$ cat protein-v4.cif   # mmCIF, C-alpha atoms
data_final
#
loop_
_atom_site.group_PDB
_atom_site.id
_atom_site.type_symbol
_atom_site.label_atom_id
_atom_site.label_comp_id
_atom_site.auth_asym_id
_atom_site.auth_seq_id
_atom_site.Cartn_x
_atom_site.Cartn_y
_atom_site.Cartn_z
ATOM 1 C CA MET A 42 162.498 82.892 59.812
ATOM 2 C CA ILE A 43 162.510 84.220 56.237
ATOM 3 C CA SER A 44 165.970 85.356 55.131
ATOM 4 C CA THR A 45 166.696 89.042 54.636
ATOM 5 C CA LYS A 46 167.417 88.408 50.947
ATOM 6 C CA ASP A 47 164.026 86.706 50.426
ATOM 7 C CA ILE A 48 162.269 89.587 52.192
ATOM 8 C CA ILE A 49 164.060 92.160 50.021
ATOM 9 C CA ILE A 50 163.116 90.208 46.877
ATOM 10 C CA LYS A 51 159.481 90.041 48.009
ATOM 11 C CA ILE A 52 159.300 93.745 48.871
ATOM 12 C CA GLY A 53 161.214 94.877 45.794
ATOM 13 C CA ASN A 54 159.223 92.743 43.372
ATOM 14 C CA SER A 55 155.925 93.882 44.897
ATOM 15 C CA GLY A 56 156.447 97.270 43.273
ATOM 16 C CA LYS A 57 158.246 99.051 46.121
ATOM 17 C CA GLY A 58 161.599 98.629 44.390
ATOM 18 C CA LYS A 59 162.542 100.608 41.317
ATOM 19 C CA GLU A 60 164.384 98.639 38.641
ATOM 20 C CA LEU A 61 167.195 100.159 36.608
ATOM 21 C CA SER A 62 166.249 101.424 33.184
ATOM 22 C CA LYS A 63 167.303 99.258 30.265
ATOM 23 C CA GLU A 64 169.968 101.807 29.372
ATOM 24 C CA ASP A 65 171.409 101.923 32.914
ATOM 25 C CA LEU A 66 171.297 98.142 33.270
ATOM 26 C CA ASN A 67 173.171 97.726 29.988
ATOM 27 C CA LYS A 68 175.751 100.307 31.074
ATOM 28 C CA LEU A 69 176.184 98.561 34.433
ATOM 29 C CA GLN A 70 176.623 95.125 32.854
ATOM 30 C CA LYS A 71 179.243 96.475 30.427
ATOM 31 C CA HIS A 72 181.117 98.185 33.246
ATOM 32 C CA LEU A 73 181.070 95.073 35.418
ATOM 33 C CA PHE A 74 182.557 93.063 32.601
ATOM 34 C CA LYS A 75 185.253 95.689 32.084
ATOM 35 C CA MET A 76 186.090 95.286 35.784
ATOM 36 C CA TYR A 77 186.173 91.503 35.321
ATOM 37 C CA ARG A 78 188.685 91.875 32.470
ATOM 38 C CA ASP A 79 190.840 94.214 34.589
ATOM 39 C CA ILE A 80 190.920 91.670 37.429
ATOM 40 C CA GLU A 81 191.545 88.850 34.967
ATOM 41 C CA ALA A 82 194.476 90.719 33.391
ATOM 42 C CA VAL A 83 196.288 91.033 36.731
ATOM 43 C CA CYS A 84 195.529 87.411 37.618
ATOM 44 C CA ASN A 85 196.776 86.131 34.261
ATOM 45 C CA LEU A 86 200.112 87.857 34.821
ATOM 46 C CA HIS A 87 200.652 85.790 37.968
ATOM 47 C CA GLY A 88 199.087 82.451 37.044
ATOM 48 C CA ILE A 89 195.977 83.037 39.159
ATOM 49 C CA GLN A 90 192.799 81.466 37.811
ATOM 50 C CA ILE A 91 189.346 83.023 38.130
ATOM 51 C CA CYS A 92 185.933 81.952 36.886
ATOM 52 C CA LEU A 93 182.414 83.313 36.753
ATOM 53 C CA ALA A 94 180.180 82.299 39.659
ATOM 54 C CA TYR A 95 176.501 81.752 40.466
ATOM 55 C CA GLY A 96 174.031 83.777 38.382
ATOM 56 C CA ASN A 97 176.729 84.739 35.912
ATOM 57 C CA VAL A 98 177.204 81.043 35.088
ATOM 58 C CA ILE A 99 173.441 80.773 34.521
ATOM 59 C CA GLY A 100 173.698 83.787 32.238
ATOM 60 C CA ALA A 101 176.517 82.169 30.295
ATOM 61 C CA MET A 102 174.866 78.757 29.894
ATOM 62 C CA ARG A 103 171.172 79.696 29.665
ATOM 63 C CA HIS A 104 171.341 83.075 27.917
ATOM 64 C CA ASN A 105 174.718 82.995 26.141
ATOM 65 C CA GLY A 106 175.786 86.061 28.093
ATOM 66 C CA TRP A 107 173.998 87.887 30.878
ATOM 67 C CA ILE A 108 170.732 87.003 32.566
ATOM 68 C CA PRO A 109 168.696 89.870 31.059
ATOM 69 C CA TRP A 110 167.802 91.381 34.447
ATOM 70 C CA ASP A 111 171.098 90.578 36.228
ATOM 71 C CA ASP A 112 172.893 93.523 37.800
ATOM 72 C CA ASP A 113 175.949 92.062 39.532
ATOM 73 C CA LEU A 114 179.007 89.929 38.816
ATOM 74 C CA ASP A 115 180.622 87.324 41.066
ATOM 75 C CA ILE A 116 183.812 85.366 40.599
ATOM 76 C CA HIS A 117 185.491 82.341 42.187
ATOM 77 C CA MET A 118 189.116 81.684 43.016
ATOM 78 C CA SER A 119 190.702 78.763 44.808
ATOM 79 C CA ARG A 120 191.628 79.680 48.394
ATOM 80 C CA GLN A 121 195.328 79.555 47.483
ATOM 81 C CA ASP A 122 194.866 81.972 44.568
ATOM 82 C CA TYR A 123 192.510 84.153 46.614
ATOM 83 C CA GLU A 124 195.122 84.632 49.352
ATOM 84 C CA LEU A 125 197.858 85.225 46.771
ATOM 85 C CA PHE A 126 195.792 87.812 44.906
ATOM 86 C CA LEU A 127 194.761 89.704 48.041
ATOM 87 C CA SER A 128 198.158 89.669 49.737
ATOM 88 C CA LYS A 129 200.449 90.373 46.776
ATOM 89 C CA PHE A 130 198.796 91.381 43.533
ATOM 90 C CA ALA A 131 195.540 93.284 44.227
ATOM 91 C CA SER A 132 197.607 96.487 44.389
ATOM 92 C CA GLU A 133 198.391 96.054 40.670
ATOM 93 C CA LEU A 134 194.793 96.777 39.678
ATOM 94 C CA PRO A 135 194.123 100.167 38.048
ATOM 95 C CA SER A 136 194.138 103.036 40.547
ATOM 96 C CA GLN A 137 190.366 103.581 40.569
ATOM 97 C CA TYR A 138 189.844 100.199 42.238
ATOM 98 C CA LYS A 139 189.681 99.574 45.961
ATOM 99 C CA VAL A 140 189.977 96.002 47.250
ATOM 100 C CA SER A 141 188.106 95.410 50.488
ATOM 101 C CA SER A 142 189.142 92.183 52.222
ATOM 102 C CA TYR A 143 190.019 90.809 55.632
ATOM 103 C CA LEU A 144 193.659 91.590 54.774
ATOM 104 C CA SER A 145 192.912 95.253 53.973
ATOM 105 C CA GLU A 146 193.844 97.989 56.393
ATOM 106 C CA GLY A 147 190.737 98.446 58.533
ATOM 107 C CA GLY A 148 189.283 95.088 57.490
ATOM 108 C CA SER A 149 186.565 94.064 55.049
ATOM 109 C CA CYS A 150 183.160 95.632 54.440
ATOM 110 C CA ALA A 151 181.753 92.164 53.676
ATOM 111 C CA ARG A 152 182.197 88.474 54.545
ATOM 112 C CA PHE A 153 184.304 88.014 51.395
ATOM 113 C CA ALA A 154 186.514 90.201 49.222
ATOM 114 C CA LYS A 155 185.095 92.952 47.040
ATOM 115 C CA VAL A 156 186.706 94.933 44.239
ATOM 116 C CA ILE A 157 185.061 98.375 44.231
ATOM 117 C CA ASP A 158 185.388 100.978 41.481
ATOM 118 C CA LYS A 159 185.823 104.279 43.330
ATOM 119 C CA SER A 160 185.159 106.284 40.142
ATOM 120 C CA THR A 161 181.513 105.132 40.195
ATOM 121 C CA ILE A 162 178.537 105.479 42.535
ATOM 122 C CA HIS A 163 176.309 102.502 43.265
ATOM 123 C CA VAL A 164 173.887 102.859 46.181
ATOM 124 C CA PRO A 165 171.454 99.987 46.873
ATOM 125 C CA LEU A 166 167.889 100.960 47.698
ATOM 126 C CA THR A 167 168.314 99.337 51.120
ATOM 127 C CA SER A 168 171.491 101.229 52.111
ATOM 128 C CA ASP A 169 172.878 104.695 52.684
ATOM 129 C CA LYS A 170 175.731 106.079 50.592
ATOM 130 C CA ASN A 171 179.175 105.520 52.125
ATOM 131 C CA GLU A 172 182.850 105.284 51.142
ATOM 132 C CA ASP A 173 182.287 101.825 49.640
ATOM 133 C CA SER A 174 179.297 102.835 47.490
ATOM 134 C CA GLY A 175 180.752 102.034 44.096
ATOM 135 C CA VAL A 176 180.112 99.402 41.441
ATOM 136 C CA TYR A 177 181.685 96.207 42.771
ATOM 137 C CA ILE A 178 182.551 92.580 42.068
ATOM 138 C CA ASP A 179 182.391 89.945 44.811
ATOM 139 C CA ILE A 180 185.138 87.312 45.025
ATOM 140 C CA PHE A 181 184.178 83.989 46.617
ATOM 141 C CA PRO A 182 187.043 81.649 47.598
ATOM 142 C CA ILE A 183 186.625 77.892 47.147
ATOM 143 C CA ASP A 184 187.915 76.036 50.208
ATOM 144 C CA ASN A 185 188.863 72.472 51.051
ATOM 145 C CA VAL A 186 186.289 70.794 53.259
ATOM 146 C CA PRO A 187 186.968 67.797 55.555
ATOM 147 C CA ASN A 188 185.379 64.502 54.578
ATOM 148 C CA GLN A 189 183.680 64.211 57.973
ATOM 149 C CA LYS A 190 179.887 64.463 57.694
ATOM 150 C CA ALA A 191 179.110 64.578 61.429
ATOM 151 C CA LEU A 192 181.727 67.228 62.184
ATOM 152 C CA ASN A 193 180.765 69.188 59.081
ATOM 153 C CA ASN A 194 177.210 69.443 60.405
ATOM 154 C CA ILE A 195 178.625 71.158 63.494
ATOM 155 C CA ARG A 196 180.921 73.345 61.393
ATOM 156 C CA ARG A 197 177.935 74.354 59.232
ATOM 157 C CA VAL A 198 175.954 75.536 62.251
ATOM 158 C CA TRP A 199 178.986 77.507 63.497
ATOM 159 C CA SER A 200 179.420 79.021 60.015
ATOM 160 C CA TYR A 201 175.783 80.144 59.984
ATOM 161 C CA PHE A 202 176.270 81.698 63.414
ATOM 162 C CA LEU A 203 179.393 83.580 62.315
ATOM 163 C CA MET A 204 177.847 84.885 59.096
ATOM 164 C CA TYR A 205 174.492 85.840 60.641
ATOM 165 C CA THR A 206 176.247 87.576 63.511
ATOM 166 C CA ALA A 207 178.572 89.522 61.208
ATOM 167 C CA SER A 208 175.697 90.839 59.078
ATOM 168 C CA SER A 209 173.637 91.673 62.188
ATOM 169 C CA VAL A 210 176.529 93.638 63.719
ATOM 170 C CA MET A 211 176.854 95.429 60.356
ATOM 171 C CA GLN A 212 173.200 96.478 60.618
ATOM 172 C CA VAL A 213 173.744 97.899 64.114
ATOM 173 C CA GLU A 214 176.872 99.766 63.010
ATOM 174 C CA ALA A 215 175.255 101.193 59.870
ATOM 175 C CA LYS A 216 172.294 102.778 61.705
ATOM 176 C CA SER A 217 170.635 102.997 58.305
ATOM 177 C CA GLU A 218 167.173 104.530 58.352
ATOM 178 C CA THR A 219 166.928 103.687 54.642
ATOM 179 C CA HIS A 220 167.370 99.965 55.339
ATOM 180 C CA LYS A 221 164.956 100.095 58.281
ATOM 181 C CA LYS A 222 162.294 101.995 56.344
ATOM 182 C CA PHE A 223 162.484 99.533 53.452
ATOM 183 C CA LEU A 224 162.122 96.441 55.672
ATOM 184 C CA PHE A 225 159.386 98.008 57.789
ATOM 185 C CA THR A 226 157.013 97.979 54.806
ATOM 186 C CA THR A 227 156.096 94.373 55.702
ATOM 187 C CA THR A 228 155.539 92.427 58.925
ATOM 188 C CA ASP A 229 158.233 89.896 57.999
ATOM 189 C CA GLY A 230 160.626 92.762 57.356
ATOM 190 C CA ARG A 231 159.934 94.356 60.752
ATOM 191 C CA ILE A 232 160.479 91.052 62.557
ATOM 192 C CA ASN A 233 163.692 90.462 60.604
ATOM 193 C CA TRP A 234 165.037 93.946 61.372
ATOM 194 C CA TRP A 235 164.297 93.759 65.099
ATOM 195 C CA PHE A 236 165.740 90.267 65.488
ATOM 196 C CA ARG A 237 168.934 91.272 63.704
ATOM 197 C CA GLN A 238 169.116 94.513 65.669
ATOM 198 C CA VAL A 239 168.958 92.735 69.017
ATOM 199 C CA TRP A 240 171.305 89.949 67.888
ATOM 200 C CA GLY A 241 173.770 92.447 66.450
ATOM 201 C CA TYR A 242 173.710 94.548 69.613
ATOM 202 C CA ILE A 243 174.479 91.494 71.780
ATOM 203 C CA PHE A 244 177.504 90.581 69.663
ATOM 204 C CA SER A 245 178.775 94.083 68.902
ATOM 205 C CA PHE A 246 181.584 93.617 71.425
ATOM 206 C CA ALA A 247 183.557 93.020 68.207
ATOM 207 C CA SER A 248 183.215 95.071 65.024
ATOM 208 C CA SER A 249 181.687 93.575 61.892
ATOM 209 C CA ARG A 250 185.120 93.753 60.249
ATOM 210 C CA THR A 251 186.549 91.638 63.067
ATOM 211 C CA TRP A 252 183.733 89.114 62.582
ATOM 212 C CA HIS A 253 184.547 89.061 58.850
ATOM 213 C CA LYS A 254 188.179 88.258 59.676
ATOM 214 C CA TRP A 255 187.087 85.405 61.962
ATOM 215 C CA ILE A 256 184.870 84.048 59.166
ATOM 216 C CA GLU A 257 187.725 84.002 56.650
ATOM 217 C CA ARG A 258 190.073 82.317 59.113
ATOM 218 C CA PHE A 259 187.502 79.685 60.038
ATOM 219 C CA ALA A 260 186.860 78.871 56.359
ATOM 220 C CA GLN A 261 190.506 78.125 55.580
ATOM 221 C CA ASN A 262 191.543 74.481 55.483
ATOM 222 C CA LYS A 263 194.891 73.550 53.945
ATOM 223 C CA LYS A 264 194.290 69.791 54.045
ATOM 224 C CA HIS A 265 193.375 68.482 50.595
ATOM 225 C CA THR A 266 190.533 65.946 50.794
ATOM 226 C CA GLY A 267 189.088 65.958 47.270
ATOM 227 C CA TYR A 268 186.017 67.819 48.562
ATOM 228 C CA MET A 269 185.370 71.552 48.522
ATOM 229 C CA HIS A 270 182.776 74.184 49.396
ATOM 230 C CA VAL A 271 182.104 77.919 49.444
ATOM 231 C CA MET A 272 181.345 78.952 53.002
ATOM 232 C CA ALA A 273 179.400 82.077 51.970
ATOM 233 C CA ASP A 274 176.988 79.897 49.932
ATOM 234 C CA LEU A 275 174.497 78.632 52.504
ATOM 235 C CA ALA A 276 173.261 75.899 50.136
ATOM 236 C CA ILE A 277 176.634 74.132 50.120
ATOM 237 C CA CYS A 278 178.381 75.472 53.230
ATOM 238 C CA TYR A 279 180.379 72.585 54.748
ATOM 239 C CA ARG A 280 178.837 70.036 52.419
ATOM 240 C CA GLU A 281 181.199 67.603 50.711
ATOM 241 C CA VAL A 282 181.174 68.846 47.116
ATOM 242 C CA PRO A 283 183.542 66.883 44.823
ATOM 243 C CA GLU A 284 186.515 68.975 43.803
ATOM 244 C CA TYR A 285 185.938 68.187 40.119
ATOM 245 C CA TYR A 286 182.646 70.143 40.225
ATOM 246 C CA TYR A 287 184.859 73.255 40.358
ATOM 247 C CA PHE A 288 188.270 72.342 38.960
ATOM 248 C CA PRO A 289 189.801 72.571 36.480
ATOM 249 C CA PHE A 290 187.851 75.628 35.374
ATOM 250 C CA ARG A 291 186.253 75.180 31.959
ATOM 251 C CA GLN A 292 186.811 77.827 29.275
ATOM 252 C CA ILE A 293 183.900 78.784 27.025
ATOM 253 C CA GLU A 294 183.378 81.549 24.464
ATOM 254 C CA LEU A 295 180.326 83.814 24.541
ATOM 255 C CA PRO A 296 179.043 86.121 21.784
ATOM 256 C CA LYS A 297 179.907 89.795 22.431
ATOM 257 C CA ILE A 298 181.813 88.825 25.602
ATOM 258 C CA GLY A 299 184.550 86.467 24.494
ATOM 259 C CA LYS A 300 186.334 83.763 26.452
ATOM 260 C CA VAL A 301 185.500 83.229 30.125
ATOM 261 C CA ASN A 302 185.982 80.478 32.674
ATOM 262 C CA ILE A 303 183.151 78.681 34.456
ATOM 263 C CA PRO A 304 183.170 75.791 36.974
ATOM 264 C CA ASN A 305 184.114 72.443 35.429
ATOM 265 C CA LYS A 306 180.814 70.620 36.090
ATOM 266 C CA PHE A 307 178.601 73.664 35.661
ATOM 267 C CA ASP A 308 175.337 71.699 35.579
ATOM 268 C CA GLU A 309 175.974 69.991 38.923
ATOM 269 C CA TYR A 310 177.378 73.230 40.347
ATOM 270 C CA LEU A 311 174.270 75.228 39.447
ATOM 271 C CA THR A 312 171.820 72.504 40.459
ATOM 272 C CA MET A 313 173.308 72.466 43.976
ATOM 273 C CA SER A 314 172.424 76.120 44.551
ATOM 274 C CA TYR A 315 169.433 76.713 42.268
ATOM 275 C CA GLY A 316 167.713 73.429 41.516
ATOM 276 C CA ASP A 317 166.266 73.626 37.997
ATOM 277 C CA TRP A 318 168.470 76.487 36.830
ATOM 278 C CA ARG A 319 167.346 76.149 33.200
ATOM 279 C CA LYS A 320 163.832 77.305 34.092
ATOM 280 C CA ILE A 321 163.164 81.045 33.761
ATOM 281 C CA PRO A 322 161.895 82.221 37.198
ATOM 282 C CA ASP A 323 158.586 83.985 37.684
ATOM 283 C CA GLU A 324 158.697 87.774 37.987
ATOM 284 C CA SER A 325 158.152 87.519 41.757
ATOM 285 C CA GLU A 326 161.265 85.335 42.134
ATOM 286 C CA LYS A 327 163.715 87.396 40.107
ATOM 287 C CA TRP A 328 166.586 88.819 42.164
ATOM 288 C CA HIS A 329 167.554 92.451 41.641
ATOM 289 C CA HIS A 330 169.892 94.720 43.582
ATOM 290 C CA TYR A 331 167.439 97.613 43.565
ATOM 291 C CA VAL A 332 169.509 100.777 43.242
ATOM 292 C CA SER A 333 168.690 104.292 44.430
ATOM 293 C CA GLU A 334 171.684 105.937 42.722
ATOM 294 C CA LEU A 335 173.938 104.780 39.893
ATOM 295 C CA VAL A 336 176.675 106.872 38.320
ATOM 296 C CA ILE A 337 179.132 105.399 35.818
ATOM 297 C CA PRO A 338 181.315 108.080 34.195
ATOM 298 C CA GLU A 339 181.595 108.044 30.439
ATOM 299 C CA LYS A 340 184.978 106.960 29.073
#

$ encode --input "protein-v4.cif" --output "structure tokens"
Amino acid sequence: MISTKDIIIKIGNSGKGKELSKEDLNKLQKHLFKMYRDIEAVCNLHGIQICLAYGNVIGAMRHNGWIPWDDDLDIHMSRQDYELFLSKFASELPSQYKVSSYLSEGGSCARFAKVIDKSTIHVPLTSDKNEDSGVYIDIFPIDNVPNQKALNNIRRVWSYFLMYTASSVMQVEAKSETHKKFLFTTTDGRINWWFRQVWGYIFSFASSRTWHKWIERFAQNKKHTGYMHVMADLAICYREVPEYYYFPFRQIELPKIGKVNIPNKFDEYLTMSYGDWRKIPDESEKWHHYVSELVIPEK
């Protein structure tokens, strides 16, 4: 079955998705980086290390900044720093920020932590506006992974089950006609929506936020093995990635942006998830978070 993300890319890039204007995209990128600096400032005070993740690392190394069409920002932390930040120091962020995580009151709105700017409005084309509809940064923890290939294969399947179930239950809870209408523009989208709807209904004996908590708890592994992974990244979930691919984070300096951290072995890190990351993708393969409403107040 084609993933929901691939279906959204296909539908959006076929002309049914409206891209942000150049002006709005530039404003969004600047605001995201301001949020990054705010998070970084709190982390620096407490010895917590963060680094850019995924497409933002491609932007840094291929474009000397942002991927020109990129409209989100992701960061990594070690699991230890992630737990420390969420449990003790997230409250030190400026007051306009809301941190949604499995440790938050009421649980997390996603399978990983998000820092949401409540002073903004950011509504994806595939969703309805809600209390979490603000410009956000995703935080992906890097976890230890056992050096046990056979058992990791089983853990990977269980991880896929947990994550697919959580997102399917989210779909049932959201009751979003916007999401349904968007997916129903193609046959693959209709099949995807119905399968998730049925699956989510079967497993809605627990809320999506409870499923998110179970995911975070399952991902945690305190035993140091020299291998690591990011459970939310399906390409490397429970695969034995050498620790030195990630750590120590490498500091680089980018024009107009300044100093940032990226994973230590950025080439190997990006190749794992993207293959030939140096190649500019075709228009049909470019990933956008198509947005129906974006409001970023002027300073």

$ resolve_selection --input "protein-v4.cif" --expression "the PyMOL selection byres ((chain A and resi 238) around 8)" --output "list in words"
Ser209, Val210, Gln212, Val213, Trp234, Trp235, Phe236, Arg237, Val239, Trp240, Gly241 and Tyr242 of chain A

$ resolve_selection --input "protein-v4.cif" --expression "the PyMOL selection byres ((chain A and resi 282-295) around 8)" --output "number ranges by chain"
A: 92, 101, 105-106, 267-270, 277, 280-281, 296-307, 309-310

$ residues_around --input "protein-v4.cif" --residues "Gly96 (chain A)" --least-positions-apart "3" --cutoff "9 Å" --atoms "only C-alpha atoms" --output "list of chain:residue names"
A:Leu93, A:Ile99, A:Gly100, A:Ala101, A:Trp107, A:Ile108, A:Asp111, A:Asp113, A:Leu114, A:Asp115, A:Leu311

$ closest_residue --input "protein-v4.cif" --among "A:Pro322, A:Pro135, A:Gly230, A:Pro187" --to "Arg78 (chain A)" --atoms "only C-alpha atoms"
A:Pro135

$ closest_residue --input "protein-v4.cif" --among "A:Asp229, A:Asn85, A:Cys278, A:Met118" --to "Lys190 (chain A)" --atoms "all atoms listed in the file"
A:Cys278

$ decode --input "protein-v4.cif" --residues "region 130-143 of chain A" --atoms "N, CA, C and O atoms" --output "tab-separated table (two decimals), in the first residue's frame"
chain	number	residue	atom	x	y	z
A	130	PHE	N	13.02	21.63	31.31
A	130	PHE	CA	13.43	22.94	30.79
A	130	PHE	C	12.54	23.51	29.68
A	130	PHE	O	12.71	24.68	29.32
A	131	ALA	N	11.61	22.71	29.14
A	131	ALA	CA	10.74	23.23	28.07
A	131	ALA	C	9.93	24.43	28.54
A	131	ALA	O	9.60	25.32	27.75
A	132	SER	N	9.63	24.47	29.83
A	132	SER	CA	8.83	25.57	30.39
A	132	SER	C	9.58	26.90	30.36
A	132	SER	O	8.99	27.96	30.59
A	133	GLU	N	10.89	26.86	30.10
A	133	GLU	CA	11.68	28.09	30.04
A	133	GLU	C	11.62	28.77	28.67
A	133	GLU	O	12.18	29.85	28.50
A	134	LEU	N	10.98	28.14	27.71
A	134	LEU	CA	10.83	28.76	26.40
A	134	LEU	C	9.94	30.00	26.52
A	134	LEU	O	9.14	30.10	27.44
A	135	PRO	N	10.07	30.95	25.59
A	135	PRO	CA	9.18	32.12	25.62
A	135	PRO	C	7.71	31.72	25.68
A	135	PRO	O	7.32	30.64	25.21
A	136	SER	N	6.89	32.58	26.26
A	136	SER	CA	5.51	32.23	26.62
A	136	SER	C	4.61	31.90	25.44
A	136	SER	O	3.57	31.25	25.62
A	137	GLN	N	4.99	32.32	24.22
A	137	GLN	CA	4.12	32.02	23.08
A	137	GLN	C	4.24	30.58	22.60
A	137	GLN	O	3.49	30.14	21.74
A	138	TYR	N	5.20	29.83	23.18
A	138	TYR	CA	5.42	28.46	22.73
A	138	TYR	C	4.67	27.45	23.59
A	138	TYR	O	4.60	27.58	24.82
A	139	LYS	N	4.13	26.46	22.91
A	139	LYS	CA	3.51	25.31	23.58
A	139	LYS	C	4.31	24.08	23.19
A	139	LYS	O	4.59	23.87	22.01
A	140	VAL	N	4.69	23.27	24.17
A	140	VAL	CA	5.40	22.03	23.89
A	140	VAL	C	4.43	20.87	24.04
A	140	VAL	O	3.86	20.66	25.12
A	141	SER	N	4.21	20.16	22.95
A	141	SER	CA	3.32	19.00	22.97
A	141	SER	C	4.18	17.74	22.96
A	141	SER	O	4.92	17.49	22.01
A	142	SER	N	4.10	16.95	24.04
A	142	SER	CA	4.88	15.73	24.14
A	142	SER	C	4.13	14.71	24.98
A	142	SER	O	3.10	15.03	25.59
A	143	TYR	N	4.65	13.50	25.03
A	143	TYR	CA	3.98	12.46	25.82
A	143	TYR	C	4.01	12.77	27.31
A	143	TYR	O	3.26	12.17	28.09
